[in-house]
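Undergrad: What follows is my_file21.txt, compact mmCIF, C-alpha atoms.
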```
# COMPACT_ATOMS: atom_id res chain seq x y z
CA MET A 1 99.54 102.40 102.80
CA ARG A 2 100.76 106.02 102.88
CA SER A 3 101.47 107.17 106.43
CA LEU A 4 102.13 105.95 109.89
CA LEU A 5 99.05 107.71 111.20
CA TYR A 6 96.94 106.36 108.33
CA ARG A 7 98.01 102.86 109.36
CA GLY A 8 97.04 103.69 112.90
CA ALA A 9 93.57 104.50 111.63
CA LEU A 10 93.48 101.04 110.10
CA ILE A 11 94.22 99.60 113.53
CA VAL A 12 91.29 101.51 115.01
CA ALA A 13 88.95 100.34 112.26
CA ALA A 14 90.50 96.90 111.66
CA ILE A 15 89.65 97.27 107.97
CA GLY A 16 91.47 98.42 104.80
CA LEU A 17 90.63 102.00 103.91
CA LEU A 18 92.74 103.03 100.99
CA ALA A 19 92.23 101.64 97.52
CA GLU A 20 93.99 102.67 94.35
CA ALA A 21 93.01 105.67 92.24
CA PRO A 22 92.80 107.41 88.84
CA ALA A 23 95.87 108.59 86.91
CA PRO A 24 96.18 111.67 84.73
CA SER A 25 99.51 112.69 83.17
CA ALA A 26 101.87 115.26 84.74
CA PRO A 27 104.73 117.73 84.16
CA ALA A 28 107.09 114.81 84.63
CA GLU A 29 110.44 116.56 84.23
CA GLU A 30 109.67 119.33 86.73
CA ALA A 31 108.18 116.84 89.20
CA ALA A 32 111.25 114.60 88.91
CA HIS A 33 113.48 117.61 89.63
CA VAL A 34 111.44 118.52 92.72
CA PHE A 35 111.50 114.95 94.04
CA ALA A 36 115.27 114.80 93.50
CA LEU A 37 115.78 117.99 95.55
CA THR A 38 113.43 116.87 98.31
CA GLY A 39 115.40 115.25 101.07
CA SER A 40 118.72 116.64 99.84
CA ARG A 41 119.81 117.34 103.41
CA THR A 42 119.12 113.74 104.35
CA ALA A 43 121.12 112.31 101.42
CA PRO A 44 124.16 111.50 103.61
CA VAL A 45 121.97 109.47 106.02
CA GLN A 46 122.61 105.73 105.79
CA SER A 47 120.01 104.80 108.40
CA TYR A 48 118.23 105.95 111.53
CA THR A 49 115.97 104.68 114.27
CA SER A 50 113.58 106.51 116.56
CA LYS A 51 111.22 105.71 119.39
CA LEU A 52 107.57 106.22 118.53
CA HIS A 53 104.62 107.23 120.71
CA VAL A 54 101.11 107.44 119.18
CA ASP A 55 97.78 108.50 120.71
CA PHE A 56 94.56 107.63 118.86
CA ALA A 57 91.05 108.92 119.49
CA LEU A 58 87.96 107.73 117.63
CA ARG A 59 85.54 110.68 117.61
CA SER A 60 82.64 108.59 116.44
CA PHE A 61 81.11 105.51 118.07
CA PRO A 62 82.58 103.54 119.86
CA TYR A 63 84.73 106.55 120.93
CA LEU A 64 87.90 104.56 121.54
CA LYS A 65 91.12 106.07 122.86
CA PHE A 66 94.42 104.24 123.17
CA HIS A 67 98.19 104.69 123.12
CA LEU A 68 100.82 102.70 121.21
CA GLU A 69 104.58 102.51 121.72
CA GLY A 70 107.06 101.34 119.12
CA HIS A 71 109.93 102.45 116.92
CA VAL A 72 110.68 103.40 113.33
CA GLU A 73 113.57 102.32 111.14
CA TYR A 74 114.91 103.97 107.99
CA LYS A 75 117.57 102.58 105.64
CA ARG A 76 118.79 104.29 102.50
CA PRO A 77 117.52 104.72 99.86
CA ASN A 78 113.83 104.55 100.88
CA LEU A 79 113.31 101.60 103.23
CA TYR A 80 111.08 102.93 106.00
CA SER A 81 109.23 100.72 108.49
CA VAL A 82 107.23 100.96 111.70
CA HIS A 83 107.24 98.40 114.51
CA PHE A 84 104.77 98.53 117.42
CA ASP A 85 105.61 96.78 120.67
CA HIS A 86 102.00 95.76 121.36
CA VAL A 87 98.71 96.38 119.55
CA PRO A 88 95.11 95.82 120.70
CA TRP A 89 93.49 92.54 119.75
CA PHE A 90 91.68 94.17 116.82
CA GLY A 91 95.00 95.45 115.46
CA LYS A 92 96.73 92.09 115.13
CA GLY A 93 98.70 91.96 111.90
CA PHE A 94 99.74 95.61 112.07
CA GLU A 95 102.69 95.19 114.42
CA ASN A 96 105.22 95.58 111.59
CA MET A 97 104.53 97.77 108.56
CA LYS A 98 106.52 98.94 105.56
CA MET A 99 106.10 102.68 105.01
CA ASP A 100 108.31 103.30 101.98
CA PRO A 101 105.63 105.36 100.13
CA LEU A 102 105.89 107.98 102.89
CA GLN A 103 109.16 109.05 101.23
CA PRO A 104 108.46 111.63 98.45
CA GLN A 105 111.29 110.13 96.39
CA THR A 106 109.13 107.01 95.93
CA TRP A 107 106.06 108.87 94.69
CA PRO A 108 106.82 108.51 90.96
CA GLU A 109 106.35 104.75 91.48
CA HIS A 110 102.84 105.23 92.88
CA TYR A 111 101.45 108.57 91.65
CA ASP A 112 101.10 110.74 88.57
CA VAL A 113 101.52 114.48 89.23
CA ALA A 114 98.74 116.52 87.63
CA SER A 115 100.09 119.94 88.65
CA LEU A 116 102.53 121.62 90.98
CA SER A 117 103.14 125.14 92.25
CA HIS A 118 105.77 126.87 94.37
CA ASP A 119 105.55 129.24 97.34
CA GLY A 120 109.06 130.07 98.47
CA ASP A 121 110.82 126.79 99.21
CA ARG A 122 107.52 124.90 99.57
CA THR A 123 106.06 122.96 96.63
CA SER A 124 102.39 121.94 96.43
CA LEU A 125 101.44 118.98 94.27
CA GLU A 126 98.14 117.62 93.03
CA MET A 127 98.44 113.89 92.29
CA ARG A 128 96.51 110.77 91.36
CA ASP A 129 97.26 107.12 91.98
CA LYS A 130 98.47 105.19 88.95
CA VAL A 131 95.81 102.47 89.45
CA ALA A 132 92.09 103.26 89.31
CA GLY A 133 90.14 103.00 92.56
CA ASN A 134 88.40 105.03 95.27
CA ILE A 135 90.78 107.96 95.73
CA LYS A 136 89.67 111.16 94.02
CA GLY A 137 92.99 112.96 94.43
CA ILE A 138 96.03 113.58 96.59
CA HIS A 139 97.33 116.97 97.71
CA ALA A 140 100.88 117.11 99.10
CA GLU A 141 103.20 119.84 100.33
CA ILE A 142 106.95 119.32 100.48
CA ASP A 143 110.08 121.39 100.97
CA PRO A 144 113.76 120.53 100.48
CA ASP A 145 113.74 118.69 103.82
CA GLY A 146 110.78 116.41 103.08
CA LEU A 147 107.03 115.97 103.47
CA ARG A 148 105.09 118.61 105.40
CA ARG A 149 101.44 117.87 104.57
CA ILE A 150 99.50 115.29 102.60
CA GLU A 151 95.79 114.75 102.11
CA TRP A 152 93.99 111.88 100.40
CA GLN A 153 90.55 112.84 99.05
CA TYR A 154 87.98 110.11 98.38
CA VAL A 155 85.16 109.84 95.87
CA ASN A 156 82.76 109.22 98.79
CA GLY A 157 83.64 112.62 100.32
CA GLY A 158 86.04 111.28 102.93
CA ARG A 159 89.54 112.54 103.50
CA ILE A 160 92.71 111.70 105.42
CA GLU A 161 95.08 114.55 106.27
CA VAL A 162 98.54 114.26 107.83
CA ARG A 163 100.76 117.15 108.91
CA VAL A 164 104.44 116.72 109.73
CA ASP A 165 106.27 119.02 112.15
CA PRO A 166 110.04 118.59 111.65
CA THR A 167 113.03 118.99 113.91
CA VAL A 168 116.78 118.86 113.27
CA VAL A 169 118.92 116.20 114.94
CA ALA A 170 122.69 116.40 114.37
CA GLY A 171 122.06 118.55 111.30
CA VAL A 172 119.52 116.13 109.82
CA PRO A 173 115.82 117.13 109.40
CA VAL A 174 113.53 114.43 110.81
CA PRO A 175 109.89 114.33 112.00
CA ALA A 176 109.29 115.60 115.54
CA THR A 177 105.53 115.02 115.46
CA GLU A 178 102.80 113.98 113.05
CA ASP A 179 99.12 114.85 113.36
CA ALA A 180 96.35 113.24 111.38
CA GLU A 181 92.63 113.64 110.91
CA ILE A 182 90.75 110.81 109.25
CA LYS A 183 87.16 111.67 108.27
CA LEU A 184 85.26 108.95 106.43
CA PRO A 185 81.52 108.29 106.22
CA ALA A 186 81.72 105.55 108.86
CA TYR A 187 83.92 107.25 111.45
CA HIS A 188 86.18 110.13 112.46
CA VAL A 189 89.67 109.53 113.91
CA VAL A 190 92.39 111.88 115.12
CA ALA A 191 95.93 110.78 115.96
CA HIS A 192 99.11 112.35 117.29
CA ALA A 193 102.55 110.74 116.94
CA THR A 194 105.74 111.84 118.67
CA PHE A 195 109.25 110.71 117.68
CA SER A 196 112.14 110.68 120.14
CA ASP A 197 115.62 109.32 120.84
CA TYR A 198 116.87 109.40 117.25
CA LYS A 199 119.96 107.35 116.42
CA ILE A 200 121.35 108.49 113.06
CA VAL A 201 124.12 106.92 110.99
CA THR A 202 125.58 109.06 108.18
CA ASP A 203 128.29 108.69 105.58
CA GLY A 204 130.55 110.66 107.93
CA PRO A 205 130.89 110.15 111.71
CA THR A 206 127.85 108.60 113.42
CA ALA A 207 125.48 111.27 114.70
CA ARG A 208 123.46 110.81 117.89
```
Transcribe the structure of this file into C-alpha cells.
TA:
Amino acid sequence: MRSLLYRGALIVAAIGLLAEAPAPSAPAEEAAHVFALTGSRTAPVQSYTSKLHVDFALRSFPYLKFHLEGHVEYKRPNLYSVHFDHVPWFGKGFENMKMDPLQPQTWPEHYDVASLSHDGDRTSLEMRDKVAGNIKGIHAEIDPDGLRRIEWQYVNGGRIEVRVDPTVVAGVPVPATEDAEIKLPAYHVVAHATFSDYKIVTDGPTAR
C-alpha cells in the first residue's frame, strides 16, 4: 500500500496488513500548499530508474532473513513502481507493485490532514485515511525535497515506521536508503533498502 518496505513486510507475512482508516477534516488550504511545495526540486524530472537492494529480517518466529534485488521506476507526475527480479515462493504476486501513494503529492487522494506543524523546512503532519478501517492514524514528516519519515499507527497497537535517507544525484534529491520497522501483534520485521545506479531524465539534458 504505502511504502516499498511495507510491501516487503507483506512478502514476509504473505498476508495483507493495511486496511483503510478513519477521516477527520483538515486545514486543507495549508496542506495543499505544503504538498505543492514538496518535491519542488524534482519537478523537472520526467522519469528515473534505480537499482534496488532490500534485506529483510523477521525478529519473531520463524526468524526469517532474506535479500531481494530489483529496480524502481518513476514517471511524472506520480507513477512510481517497484519490480523485484525474484521473490520467495510465499511472495508470489508481489513481483511488480504500484507505489504511487509513496509520493506526498498523492496524499490528498488518500488522506485527510488533521493537523500540521513546522520546524524549519520540515513539516509534520497528522493524517487519517479517507475510508474507515483499522488504522488509528498516520504521522508523516516531509521537507521540500520529499518524504523523510512516515508511521502508520493501528487500533490494535501495532505500527509501521519508515525513514528515508536522501541523496542528491545530478542535482535531484532521491532516496539513498530506506529503513523500516514493522511491529504488529503477530510479528516484528525490520528491513533496509538501498538504491543505486540512478538514471534520471529531466526536462533539460539527461542527467546520469
Undergrad: Quick one: distance from atom CA of A:Glu161 to atom CA of A:Arg149 in Å, one decimal?
TA: 7.4 Å
Undergrad: When distances are computed from all atoms listed in the file, which of A:Pro166, A:Pro88, A:Gly171, A:Pro104 shows the smallest separation from A:Phe195?
TA: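 So, comparing all the options, the nearest one is A:Pro166.
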Undergrad: Report the closest atom pair, with its distance in Å rounded to one decimal, for each residue of stretch 87-200 of chain A that has an atom no farther than 9 Å from stretch 26-47 of chain A; count only C-alpha atoms, sort by chain and then rising residue number, and write it as JSON lines.
TA:
```
{"residue": "A:Gln103", "atom": "CA", "partner": "A:Gly39", "partner_atom": "CA", "distance": 8.8}
{"residue": "A:Pro104", "atom": "CA", "partner": "A:Phe35", "partner_atom": "CA", "distance": 6.3}
{"residue": "A:Gln105", "atom": "CA", "partner": "A:Phe35", "partner_atom": "CA", "distance": 5.4}
{"residue": "A:Thr106", "atom": "CA", "partner": "A:Phe35", "partner_atom": "CA", "distance": 8.5}
{"residue": "A:Trp107", "atom": "CA", "partner": "A:Phe35", "partner_atom": "CA", "distance": 8.2}
{"residue": "A:Pro108", "atom": "CA", "partner": "A:Ala32", "partner_atom": "CA", "distance": 7.8}
{"residue": "A:Asp112", "atom": "CA", "partner": "A:Ala26", "partner_atom": "CA", "distance": 6.0}
{"residue": "A:Val113", "atom": "CA", "partner": "A:Ala26", "partner_atom": "CA", "distance": 4.6}
{"residue": "A:Ala114", "atom": "CA", "partner": "A:Ala26", "partner_atom": "CA", "distance": 4.4}
{"residue": "A:Ser115", "atom": "CA", "partner": "A:Ala26", "partner_atom": "CA", "distance": 6.4}
{"residue": "A:Leu116", "atom": "CA", "partner": "A:Ala31", "partner_atom": "CA", "distance": 7.6}
{"residue": "A:Thr123", "atom": "CA", "partner": "A:Val34", "partner_atom": "CA", "distance": 8.0}
{"residue": "A:Leu125", "atom": "CA", "partner": "A:Ala31", "partner_atom": "CA", "distance": 8.7}
{"residue": "A:Met127", "atom": "CA", "partner": "A:Ala26", "partner_atom": "CA", "distance": 8.4}
{"residue": "A:Ile142", "atom": "CA", "partner": "A:Thr38", "partner_atom": "CA", "distance": 7.3}
{"residue": "A:Asp143", "atom": "CA", "partner": "A:Thr38", "partner_atom": "CA", "distance": 6.2}
{"residue": "A:Pro144", "atom": "CA", "partner": "A:Thr38", "partner_atom": "CA", "distance": 4.3}
{"residue": "A:Asp145", "atom": "CA", "partner": "A:Gly39", "partner_atom": "CA", "distance": 4.7}
{"residue": "A:Gly146", "atom": "CA", "partner": "A:Gly39", "partner_atom": "CA", "distance": 5.2}
{"residue": "A:Leu147", "atom": "CA", "partner": "A:Thr38", "partner_atom": "CA", "distance": 8.3}
{"residue": "A:Gly171", "atom": "CA", "partner": "A:Arg41", "partner_atom": "CA", "distance": 8.3}
{"residue": "A:Val172", "atom": "CA", "partner": "A:Thr42", "partner_atom": "CA", "distance": 6.0}
{"residue": "A:Pro173", "atom": "CA", "partner": "A:Thr42", "partner_atom": "CA", "distance": 6.9}
{"residue": "A:Val174", "atom": "CA", "partner": "A:Thr42", "partner_atom": "CA", "distance": 8.6}
{"residue": "A:Lys199", "atom": "CA", "partner": "A:Ser47", "partner_atom": "CA", "distance": 8.4}
{"residue": "A:Ile200", "atom": "CA", "partner": "A:Ser47", "partner_atom": "CA", "distance": 6.1}
```
Undergrad: From the list A:Asp119, A:Ile150, A:Asp179, A:Tyr111, which residue is nearest A:Ala132 when using all atoms listed in the file?
TA: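 Of A:Asp119, A:Ile150, A:Asp179, A:Tyr111, the one nearest A:Ala132 is A:Tyr111, counting all atoms listed in the file.
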Undergrad: Restricting the calculation to only C-alpha atoms: of A:Leu102, A:Val201, A:Ile135, A:Ala191, which residue gets closest to A:Leu68?
TA: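 Smallest distance to A:Leu68 is found for A:Ala191.
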Undergrad: Tell me, in Å to one decimal, how far atom CA of A:Glu181 is from atom CA of A:His86.
TA: 22.7 Å
Undergrad: When you count all atoms listed in the file, which of these residues is closest to A:Thr49: A:Val169, A:Val87, A:Ile182, A:Ile160?
TA: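 Closest to A:Thr49, using all atoms listed in the file: A:Val169.
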Undergrad: Skip A:Glu178 itself and residues of its chain fewer than 4 positions away, then list as a list in words all residues within 10 Å of it, counting only C-alpha atoms.
TA: Ser3, Leu4, Leu5, Val54, Arg148, Arg149, Val162, Arg163, Val164, Asp165, Pro166, Ala191, His192, Ala193, Thr194 and Phe195 of chain A
Undergrad: Considering only C-alpha atoms, can you say which of A:Tyr198, A:Tyr187, A:Trp152, A:Phe56 comes closest to A:His71?
TA: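 Result for the nearest residue to A:His71: A:Tyr198.
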Undergrad: From the options A:Ser124, A:Ser81, A:Ser117, A:Thr202, which residue's atoms come nearest to A:Met99, counting all atoms listed in the file?
TA: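 Smallest distance to A:Met99 is found for A:Ser81.
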